[in-house]
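A.B. asks: Structure supplied as my_file.cif; contents: mmCIF, C-alpha atoms and all ligand atoms.
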```cif
data_upload
#
loop_
_atom_site.label_atom_id
_atom_site.label_comp_id
_atom_site.auth_asym_id
_atom_site.auth_seq_id
_atom_site.Cartn_x
_atom_site.Cartn_y
_atom_site.Cartn_z
CA MET A 150 -45.80 13.21 -0.20
CA THR A 151 -48.86 15.35 -0.66
CA GLY A 152 -47.44 18.53 0.86
CA SER A 153 -46.91 21.30 -1.60
CA ILE A 154 -43.94 23.61 -1.75
CA GLY A 155 -45.50 26.15 -4.05
CA GLY A 156 -49.30 26.04 -3.88
CA ASP A 157 -51.06 23.71 -6.28
CA PRO A 158 -49.28 20.51 -7.16
CA ALA A 159 -47.51 20.44 -10.51
CA ILE A 160 -48.85 16.94 -11.14
CA GLU A 161 -51.93 15.38 -9.62
CA THR A 162 -53.36 12.02 -10.52
CA SER A 163 -56.49 10.43 -9.16
CA ALA A 164 -57.21 6.71 -9.53
CA LEU A 165 -55.21 6.90 -12.75
CA THR A 166 -55.55 3.63 -14.64
CA LYS A 167 -54.30 2.43 -18.01
CA ARG A 168 -55.22 -0.92 -19.48
CA TYR A 169 -53.98 -2.54 -22.66
CA GLY A 170 -56.43 -5.32 -23.30
CA ARG A 171 -55.95 -7.65 -20.38
CA VAL A 172 -52.77 -5.98 -19.18
CA THR A 173 -53.27 -3.34 -16.53
CA ALA A 174 -50.19 -1.16 -17.01
CA LEU A 175 -51.27 1.31 -14.32
CA ASP A 176 -53.79 0.54 -11.62
CA GLY A 177 -55.46 3.37 -9.69
CA ILE A 178 -52.52 5.67 -9.04
CA ASP A 179 -53.00 8.68 -6.73
CA LEU A 180 -50.05 11.02 -6.82
CA ALA A 181 -49.43 14.65 -5.94
CA VAL A 182 -46.13 16.18 -6.98
CA ALA A 183 -45.39 19.47 -5.25
CA THR A 184 -44.46 22.41 -7.43
CA GLY A 185 -40.72 22.98 -7.31
CA SER A 186 -39.96 19.53 -5.97
CA VAL A 187 -37.89 16.73 -7.42
CA PHE A 188 -40.03 13.63 -7.50
CA GLY A 189 -38.54 10.25 -8.33
CA VAL A 190 -40.44 7.22 -9.53
CA ILE A 191 -38.67 3.96 -8.98
CA GLY A 192 -39.67 0.52 -10.05
CA PRO A 193 -38.51 -2.57 -11.84
CA ASN A 194 -39.07 -3.06 -15.55
CA GLY A 195 -42.73 -3.08 -16.47
CA ALA A 196 -43.76 -1.26 -13.29
CA GLY A 197 -45.62 1.45 -15.19
CA LYS A 198 -43.14 4.35 -15.10
CA THR A 199 -43.15 5.02 -18.82
CA THR A 200 -46.92 4.61 -18.97
CA THR A 201 -47.32 7.25 -16.25
CA MET A 202 -45.13 9.71 -18.16
CA ARG A 203 -46.93 9.14 -21.45
CA LEU A 204 -50.23 9.87 -19.71
CA LEU A 205 -48.80 13.16 -18.39
CA LEU A 206 -47.74 14.13 -21.90
CA ASP A 207 -51.06 13.09 -23.51
CA ILE A 208 -49.18 10.61 -25.71
CA ILE A 209 -51.67 8.05 -24.41
CA ARG A 210 -54.92 8.57 -22.56
CA PRO A 211 -56.21 7.02 -19.32
CA SER A 212 -58.61 4.09 -19.32
CA SER A 213 -60.09 5.64 -16.18
CA GLY A 214 -59.17 8.12 -13.50
CA SER A 215 -57.79 11.57 -14.07
CA VAL A 216 -54.58 13.52 -14.32
CA ARG A 217 -53.76 17.21 -14.09
CA VAL A 218 -50.45 18.68 -15.16
CA LEU A 219 -49.56 22.29 -14.31
CA GLY A 220 -53.21 22.79 -13.43
CA GLU A 221 -54.58 21.48 -16.71
CA ALA A 222 -55.88 18.24 -18.13
CA PRO A 223 -53.24 17.07 -20.64
CA ARG A 224 -55.84 16.34 -23.33
CA GLU A 225 -57.12 19.90 -23.12
CA GLY A 226 -53.81 21.69 -22.65
CA GLY A 227 -52.64 21.21 -26.24
CA PRO A 228 -49.39 22.71 -27.54
CA ALA A 229 -49.44 25.55 -25.00
CA LEU A 230 -49.24 23.08 -22.14
CA ARG A 231 -46.74 20.92 -24.01
CA ARG A 232 -44.40 23.92 -24.34
CA ARG A 233 -44.32 24.27 -20.55
CA ILE A 234 -43.01 20.72 -20.24
CA GLY A 235 -39.56 19.35 -21.06
CA PHE A 236 -39.79 15.66 -21.88
CA LEU A 237 -37.00 13.14 -22.14
CA PRO A 238 -38.48 9.91 -23.49
CA GLY A 239 -36.99 6.62 -22.36
CA ASP A 240 -36.66 5.37 -25.92
CA LEU A 241 -35.07 8.44 -27.47
CA ARG A 242 -33.49 7.68 -30.84
CA PRO A 243 -32.60 10.89 -32.57
CA GLU A 244 -31.77 10.12 -36.19
CA GLY A 245 -30.93 12.00 -39.31
CA ARG A 246 -28.14 13.61 -41.24
CA VAL A 247 -28.15 16.69 -39.10
CA SER A 248 -25.87 17.95 -36.39
CA GLY A 249 -26.97 18.14 -32.78
CA ARG A 250 -27.07 21.92 -33.13
CA GLU A 251 -29.37 21.77 -36.15
CA LEU A 252 -31.68 19.34 -34.38
CA MET A 253 -31.81 21.57 -31.30
CA ARG A 254 -32.55 24.61 -33.52
CA HIS A 255 -35.36 22.67 -35.08
CA TYR A 256 -36.87 21.86 -31.68
CA ALA A 257 -36.32 25.44 -30.54
CA SER A 258 -38.15 26.77 -33.57
CA ILE A 259 -41.14 24.64 -32.59
CA SER A 260 -41.24 25.79 -28.99
CA GLY A 261 -40.03 29.31 -29.78
CA LEU A 262 -38.87 29.68 -26.20
CA VAL A 263 -35.16 28.90 -26.12
CA ALA A 264 -32.82 31.66 -25.00
CA ASP A 265 -29.78 32.32 -27.24
CA GLY A 266 -26.89 30.05 -26.38
CA ARG A 267 -28.88 28.03 -23.86
CA ALA A 268 -28.62 24.71 -25.74
CA GLU A 269 -24.85 25.19 -26.17
CA GLN A 270 -24.46 26.02 -22.49
CA ILE A 271 -26.18 22.79 -21.38
CA ALA A 272 -24.31 20.74 -23.99
CA ASP A 273 -21.01 22.17 -22.68
CA ARG A 274 -21.87 21.17 -19.13
CA LEU A 275 -22.58 17.63 -20.23
CA GLY A 276 -19.55 17.47 -22.51
CA LEU A 277 -21.62 17.04 -25.67
CA ASP A 278 -20.31 18.19 -29.05
CA LEU A 279 -23.28 19.73 -30.87
CA THR A 280 -21.45 19.91 -34.19
CA ARG A 281 -21.47 16.13 -34.61
CA GLN A 282 -23.96 14.35 -36.79
CA VAL A 283 -26.71 13.00 -34.61
CA ARG A 284 -26.62 9.54 -36.20
CA THR A 285 -22.92 9.15 -35.34
CA LEU A 286 -23.44 9.79 -31.64
CA SER A 287 -22.96 7.06 -29.05
CA ARG A 288 -25.86 6.06 -26.84
CA GLY A 289 -24.60 8.23 -23.97
CA ASN A 290 -24.23 11.25 -26.26
CA ARG A 291 -27.72 10.76 -27.66
CA GLN A 292 -28.99 10.71 -24.10
CA LYS A 293 -27.17 14.01 -23.49
CA LEU A 294 -28.84 15.47 -26.57
CA GLY A 295 -32.17 14.37 -25.14
CA ILE A 296 -31.35 16.13 -21.87
CA VAL A 297 -30.38 19.34 -23.70
CA GLN A 298 -33.66 19.18 -25.61
CA ALA A 299 -35.67 18.69 -22.40
CA PHE A 300 -33.97 21.46 -20.40
CA MET A 301 -33.20 24.14 -23.00
CA HIS A 302 -36.48 26.05 -22.81
CA ASP A 303 -36.37 26.08 -18.98
CA PRO A 304 -39.83 24.51 -18.72
CA ALA A 305 -42.00 24.69 -15.60
CA LEU A 306 -42.06 20.89 -15.53
CA LEU A 307 -39.41 18.37 -16.54
CA VAL A 308 -40.56 14.80 -17.17
CA LEU A 309 -37.50 12.61 -17.54
CA ASP A 310 -37.74 8.88 -18.24
CA GLU A 311 -34.60 7.12 -17.00
CA PRO A 312 -32.47 10.22 -17.59
CA THR A 313 -29.26 8.81 -16.16
CA SER A 314 -29.22 5.68 -18.29
CA GLY A 315 -26.13 5.54 -20.48
CA LEU A 316 -24.41 8.44 -18.70
CA ASP A 317 -21.04 7.90 -17.11
CA PRO A 318 -20.77 8.73 -13.37
CA LEU A 319 -19.26 12.22 -13.81
CA VAL A 320 -21.91 13.25 -16.30
CA GLN A 321 -24.55 11.76 -14.00
CA GLN A 322 -23.31 14.07 -11.25
CA GLU A 323 -23.49 17.07 -13.57
CA PHE A 324 -26.98 16.08 -14.61
CA LEU A 325 -28.10 15.72 -10.97
CA ALA A 326 -26.66 19.17 -10.27
CA MET A 327 -28.79 20.51 -13.14
CA VAL A 328 -31.84 18.86 -11.58
CA GLY A 329 -31.08 20.52 -8.23
CA GLU A 330 -30.68 23.91 -9.92
CA ALA A 331 -33.94 23.48 -11.82
CA SER A 332 -35.74 22.76 -8.56
CA ALA A 333 -34.10 25.76 -6.85
CA ASN A 334 -35.35 27.78 -9.80
CA GLY A 335 -38.95 26.71 -9.06
CA GLN A 336 -39.16 24.12 -11.82
CA THR A 337 -40.68 20.74 -10.96
CA VAL A 338 -38.78 17.61 -11.91
CA PHE A 339 -40.49 14.24 -12.30
CA LEU A 340 -37.99 11.53 -13.12
CA SER A 341 -37.84 7.78 -13.21
CA SER A 342 -35.19 5.19 -12.65
CA HIS A 343 -34.98 1.55 -11.85
CA VAL A 344 -31.95 2.29 -9.70
CA LEU A 345 -32.82 4.33 -6.65
CA SER A 346 -29.24 5.20 -5.72
CA GLU A 347 -28.97 7.22 -8.95
CA ILE A 348 -31.64 9.67 -7.92
CA GLN A 349 -31.73 9.49 -4.15
CA GLN A 350 -29.41 12.46 -3.83
CA ALA A 351 -31.58 14.62 -6.06
CA ALA A 352 -35.10 13.60 -5.10
CA ASP A 353 -37.24 15.15 -2.35
CA ALA A 354 -39.79 12.37 -2.61
CA VAL A 355 -39.82 8.94 -4.10
CA ALA A 356 -42.75 6.87 -5.32
CA ILE A 357 -42.23 3.18 -5.71
CA LEU A 358 -44.20 1.51 -8.44
CA ARG A 359 -44.57 -2.17 -8.95
CA ASP A 360 -46.86 -3.99 -11.37
CA GLY A 361 -48.78 -0.79 -12.04
CA ARG A 362 -49.48 -0.11 -8.39
CA LEU A 363 -48.06 2.40 -6.01
CA VAL A 364 -46.15 0.52 -3.31
CA THR A 365 -45.34 3.62 -1.33
CA VAL A 366 -44.66 7.33 -1.58
CA SER A 367 -42.11 8.55 0.85
CA ASP A 368 -39.81 11.45 1.44
CA VAL A 369 -36.22 10.38 1.00
CA GLU A 370 -35.41 11.10 4.64
CA SER A 371 -37.95 8.66 6.03
CA LEU A 372 -36.77 5.98 3.63
CA ARG A 373 -33.37 6.60 5.14
CA LEU A 374 -34.73 6.05 8.65
CA THR A 375 -36.06 2.65 7.75
CA ALA A 376 -32.71 2.02 6.15
CA VAL A 377 -30.83 -1.20 6.17
CA ARG A 378 -27.16 -1.04 7.13
CA ARG A 379 -24.58 -3.66 6.52
CA VAL A 380 -22.06 -3.92 9.33
CA ARG A 381 -18.89 -5.95 9.08
CA LEU A 382 -16.49 -6.40 11.96
CA THR A 383 -13.96 -8.72 13.49
CA ALA A 384 -14.03 -9.63 17.18
CA ALA A 385 -10.85 -11.03 18.72
CA ASP A 386 -10.49 -13.77 21.33
CA ILE A 387 -14.10 -14.85 21.33
CA ALA A 388 -16.06 -17.88 20.15
CA GLU A 389 -18.82 -17.83 17.53
CA ASP A 390 -21.42 -18.94 20.07
CA ALA A 391 -20.66 -16.01 22.36
CA VAL A 392 -20.99 -13.56 19.49
CA ARG A 393 -24.24 -15.15 18.40
CA ALA A 394 -25.62 -15.04 21.93
CA ALA A 395 -24.82 -11.33 22.19
CA LEU A 396 -26.23 -10.27 18.82
CA ALA A 397 -29.01 -12.66 17.88
CA PRO A 398 -31.60 -11.30 20.37
CA LEU A 399 -31.45 -7.78 18.86
CA PRO A 400 -34.72 -7.06 17.04
CA GLN A 401 -32.86 -4.77 14.59
CA LEU A 402 -30.68 -7.62 13.39
CA THR A 403 -32.11 -8.93 10.12
CA ALA A 404 -29.20 -11.10 9.02
CA LEU A 405 -26.12 -12.53 10.70
CA VAL A 406 -23.29 -14.52 9.23
CA LEU A 407 -20.37 -15.57 11.43
CA ALA A 408 -17.06 -17.11 10.46
CA ALA A 409 -14.20 -18.22 12.70
CA ILE A 410 -10.89 -16.47 12.01
CA GLY A 411 -7.95 -17.55 14.17
CA SER A 412 -9.05 -17.12 17.77
CA GLY A 413 -11.78 -14.64 16.83
CA VAL A 414 -14.86 -14.21 14.68
CA ARG A 415 -15.70 -12.31 11.52
CA VAL A 416 -19.20 -10.83 11.70
CA ASP A 417 -21.33 -9.82 8.73
CA ALA A 418 -24.59 -8.38 9.98
CA THR A 419 -27.56 -6.53 8.51
CA VAL A 420 -29.12 -4.03 10.86
CA THR A 421 -32.48 -2.47 10.06
CA GLY A 422 -33.53 0.82 11.63
CA ASP A 423 -31.94 2.02 14.87
CA ILE A 424 -28.25 1.14 14.92
CA ASP A 425 -27.65 2.09 18.57
CA PRO A 426 -28.55 -1.25 20.27
CA PHE A 427 -26.19 -3.02 17.88
CA VAL A 428 -23.36 -0.62 18.72
CA LYS A 429 -23.98 -1.18 22.45
CA ALA A 430 -23.99 -4.95 21.93
CA ILE A 431 -20.65 -5.06 20.08
CA ALA A 432 -19.03 -2.76 22.66
CA ARG A 433 -18.31 -5.79 24.81
CA PHE A 434 -16.19 -7.37 22.04
CA HIS A 435 -12.59 -6.59 21.27
CA VAL A 436 -13.34 -5.10 17.87
CA GLY A 437 -10.61 -5.14 15.23
CA GLU A 438 -11.99 -3.99 11.91
CA LEU A 439 -15.34 -2.25 11.64
CA THR A 440 -17.18 -1.03 8.57
CA VAL A 441 -20.71 0.28 8.40
CA GLU A 442 -22.02 0.76 4.89
CA GLU A 443 -24.09 3.83 4.18
CA PRO A 444 -27.79 3.17 4.44
CA ASP A 445 -28.72 1.89 1.04
CA LEU A 446 -32.12 3.17 0.02
CA GLU A 447 -32.30 0.53 -2.62
CA GLU A 448 -32.14 -2.20 -0.02
CA SER A 449 -34.80 -0.39 1.98
CA VAL A 450 -36.96 -0.29 -1.07
CA LEU A 451 -36.45 -3.94 -1.82
CA ARG A 452 -37.39 -4.65 1.75
CA LEU A 453 -40.59 -2.66 1.24
CA TYR A 454 -41.30 -4.65 -1.88
CA GLY A 455 -40.62 -7.81 0.07
CA ALA A 456 -42.92 -6.73 2.90
CA ARG A 457 -45.70 -6.12 0.41
CA GLU A 458 -45.18 -9.39 -1.29
CA GLY A 459 -45.25 -11.21 2.02
CA SER A 460 -48.50 -9.56 3.05
CA GLU A 461 -50.33 -10.28 -0.18
P1 LIG B 1 -39.38 -0.14 -18.15
O1 LIG B 1 -38.41 0.22 -17.09
O2 LIG B 1 -39.19 -1.51 -18.69
O3 LIG B 1 -39.58 0.90 -19.20
P2 LIG B 1 -41.88 0.77 -17.04
O4 LIG B 1 -41.99 0.87 -15.56
O5 LIG B 1 -41.66 2.02 -17.78
O6 LIG B 1 -40.78 -0.30 -17.38
P3 LIG B 1 -44.19 0.48 -18.69
O7 LIG B 1 -43.45 0.60 -19.96
O8 LIG B 1 -45.00 1.63 -18.26
O9 LIG B 1 -43.21 0.05 -17.52
O10 LIG B 1 -45.12 -0.82 -18.80
C1 LIG B 1 -46.06 -1.21 -17.82
C2 LIG B 1 -46.78 -2.46 -18.29
O11 LIG B 1 -47.62 -2.16 -19.39
C3 LIG B 1 -45.88 -3.57 -18.77
O12 LIG B 1 -46.44 -4.80 -18.37
C4 LIG B 1 -45.92 -3.43 -20.27
O13 LIG B 1 -45.68 -4.66 -20.90
C5 LIG B 1 -47.33 -2.96 -20.50
N1 LIG B 1 -47.45 -2.11 -21.70
C6 LIG B 1 -46.88 -0.90 -21.90
N2 LIG B 1 -47.22 -0.39 -23.10
C7 LIG B 1 -48.00 -1.32 -23.70
C8 LIG B 1 -48.68 -1.39 -24.97
N3 LIG B 1 -48.59 -0.40 -25.85
N4 LIG B 1 -49.40 -2.50 -25.22
C9 LIG B 1 -49.49 -3.50 -24.32
N5 LIG B 1 -48.89 -3.49 -23.11
C10 LIG B 1 -48.17 -2.43 -22.80
#
```
Let's see the structure in the file written out as structure tokens.
C.D. replies:
Amino acid sequence: MTGSIGGDPAIETSALTKRYGRVTALDGIDLAVATGSVFGVIGPNGAGKTTTMRLLLDIIRPSSGSVRVLGEAPREGGPALRRRIGFLPGDLRPEGRVSGRELMRHYASISGLVADGRAEQIADRLGLDLTRQVRTLSRGNRQKLGIVQAFMHDPALLVLDEPTSGLDPLVQQEFLAMVGEASANGQTVFLSSHVLSEIQQAADAVAILRDGRLVTVSDVESLRLTAVRRVRLTAADIAEDAVRAALAPLPQLTALVLAAIGSGVRVDATVTGDIDPFVKAIARFHVGELTVEEPDLEESVLRLYGAREGSE
């Protein structure tokens, strides 16, 4: 998505490339992240998600190409730019004989921008006890501390590397609500995951990275339209051949498994795109059970990956 909600994009990369010796971690990435949007980056391990984020934060520098963050080049923005960004690293390991509160105070004293009580308020929402020693915290609680640290100065841009990892489902929901509120507040959120379903509800746009290349950038709604649905049903008093003859010609049918049950047939079908012709086709059966699983963006994405692989 190149459209911009609020004027200039919050992040813009042009032919952004990072090489480590012979390994090309990132290969010519062009991205525009609209100000105020929630932008998800999805990809399997090693796709280049972390590399992209480190380039945004000027932790590493591009081999070629360029990047602008909040209108500035990260290498020129210095601490002033850094203070406008909240960063949750993927490999966060807060250590030390300090409490969460002391650690947050320390960070706050560096940025100088944290409103009174803000860290406590976020910690409360996530169910994190800030009085506990950081080194005694479980992985999930350390991740919560990382989220508090990223959000507490209400930065213009949040860069969050696998933010939901280690969080239980209820906390994940609370976190995604925080992401939605940040976006409503005009903040831009750039977050990564290797599981699309975790962020599909929060993201306006999703970029899919694989092997350092951009497979696609899409708004979540159009990914939904190319969605793959799994339909399971039973048809009574009919033979397998008749069911196959009725369904197999449908171009939307991408998989079909039939099994005889009593005098009928159990159907397990995968339908891609428009579901209507399939519904019309099964209308002639005597349908017993019927389940249609929600379009799974992850499957759509895997299909996109597959399509790319096939065409290469
Ligand atoms: P993960 O989900 O595993 O964190 P990722 O999408 O974040 O994956 P990156 O960490 O960005 O992927 O890695 C992209 C590629 O660059 C990988 O092949 C990785 O091995 C390589 N890479 C990353 N950092 C370095 C480095 N410092 N030296 C050499 N290769 C590196």
A.B. asks: Could you work out how far atom CA of Ile178 of chain A lies from atom CA of Gly156 of chain A, giving the answer in Å with one decimal?
C.D. replies: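 So the two atoms, atom CA of Gly156 of chain A and atom CA of Ile178 of chain A, lie 21.3 Å apart.
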A.B. asks: For chain A versus ligand LIG 1 (chain B), which residues have an atom no more than 9 Å away, and what is each residue's nearest atom pair and distance in Å rounded to one decimal, using all atoms listed in the file, chain-then-number order, as CSV?
C.D. replies:
```
residue,atom,partner,partner_atom,distance
A:Lys167,CA,B:LIG1,O11,8.2
A:Arg168,CA,B:LIG1,O11,7.7
A:Tyr169,CA,B:LIG1,C9,4.9
A:Gly170,CA,B:LIG1,C9,7.2
A:Arg171,CA,B:LIG1,C9,8.6
A:Val172,CA,B:LIG1,N5,6.1
A:Thr173,CA,B:LIG1,O11,6.4
A:Ala174,CA,B:LIG1,O11,3.6
A:Leu175,CA,B:LIG1,C1,6.8
A:Val190,CA,B:LIG1,O4,8.9
A:Ile191,CA,B:LIG1,O4,8.0
A:Gly192,CA,B:LIG1,O4,6.0
A:Pro193,CA,B:LIG1,O1,5.9
A:Asn194,CA,B:LIG1,O2,3.5
A:Gly195,CA,B:LIG1,O9,3.3
A:Ala196,CA,B:LIG1,O4,3.6
A:Gly197,CA,B:LIG1,O8,3.1
A:Lys198,CA,B:LIG1,O4,3.7
A:Thr199,CA,B:LIG1,O5,3.5
A:Thr200,CA,B:LIG1,O8,3.6
A:Thr201,CA,B:LIG1,O8,6.4
A:Met202,CA,B:LIG1,O8,8.1
A:Arg203,CA,B:LIG1,O8,8.4
A:Gly239,CA,B:LIG1,O3,7.0
A:Asp240,CA,B:LIG1,O3,8.6
A:Asp310,CA,B:LIG1,O5,7.9
A:Glu311,CA,B:LIG1,O1,7.9
A:Ser341,CA,B:LIG1,O5,8.3
A:Ser342,CA,B:LIG1,O1,7.4
A:His343,CA,B:LIG1,O1,6.4
A:Leu358,CA,B:LIG1,O4,7.5
A:Arg359,CA,B:LIG1,O4,7.7
A:Asp360,CA,B:LIG1,O12,7.1
A:Gly361,CA,B:LIG1,C1,6.4
```
A.B. asks: Between A:Val283, A:Phe339, A:Leu325, A:Gly227, which one has atoms that come closest to Ala356 of chain A, using only C-alpha atoms?
C.D. replies: A:Phe339
A.B. asks: Report the distance between atom CA of Val366 of chain A and atom CA of Ala183 of chain A in Å, rounded to one decimal place.
C.D. replies: 12.7 Å
A.B. asks: Atom CA of Leu205 of chain A to atom CA of Ala333 of chain A: how many Å, to one decimal?
C.D. replies: 22.5 Å
A.B. asks: A:Ile348, A:Ala397, A:Leu307, A:Leu382: which is nearest Asp417 of chain A, counting all atoms listed in the file?
C.D. replies: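 Of all the options, A:Leu382 lies closest to Asp417 of chain A.
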A.B. asks: Set the distance at 9 Å and use only C-alpha atoms: which residues neighbour Asn290 of chain A once local chain neighbours fewer than 4 positions away are removed? I'd like the list as a PyMOL selection string.
C.D. replies: chain A and resi 275-278+283+286+294-295+315-316
A.B. asks: Closest to Pro312 of chain A among A:Gly189, A:Leu279, A:Thr365, A:Arg217, using only C-alpha atoms?
C.D. replies: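 Between A:Gly189, A:Leu279, A:Thr365, A:Arg217, the residue approaching Pro312 of chain A most closely is A:Gly189.
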A.B. asks: Measuring atom to atom with only C-alpha atoms, identify which of A:Glu370, A:Gly422, A:Ser314, A:Leu363 is nearest to Leu180 of chain A.
C.D. replies: A:Leu363
A.B. asks: Check the smallest atom-to-atom distance from each of A:Gly177, A:Arg378, A:Arg210, A:Pro318 to Thr421 of chain A using all atoms listed in the file, then report the winner.
C.D. replies: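 Counting all atoms listed in the file, the residue closest to Thr421 of chain A is A:Arg378.
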A.B. asks: Can you work out which one of A:Glu244, A:Ile160, A:Ser258, A:Phe188 has the shortest atom-to-atom distance to Ala222 of chain A, counting all atoms listed in the file?
C.D. replies: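 So, comparing all the options, the nearest one is A:Ile160.
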A.B. asks: For Phe434 of chain A, please output as a list in words all residues within 12 Å (counting all atoms listed in the file; exclusion window: fewer than 4 positions along the same chain).
C.D. replies: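 Here the answer would be Leu382, Thr383, Ala384, Ala385, Asp386, Ile387, Ala388, Glu389, Ala391, Val392, Arg393, Ala395, Leu396, Gly413, Val414, Arg415, Val416, Phe427, Val428, Lys429, Ala430, Glu438 and Leu439 of chain A.
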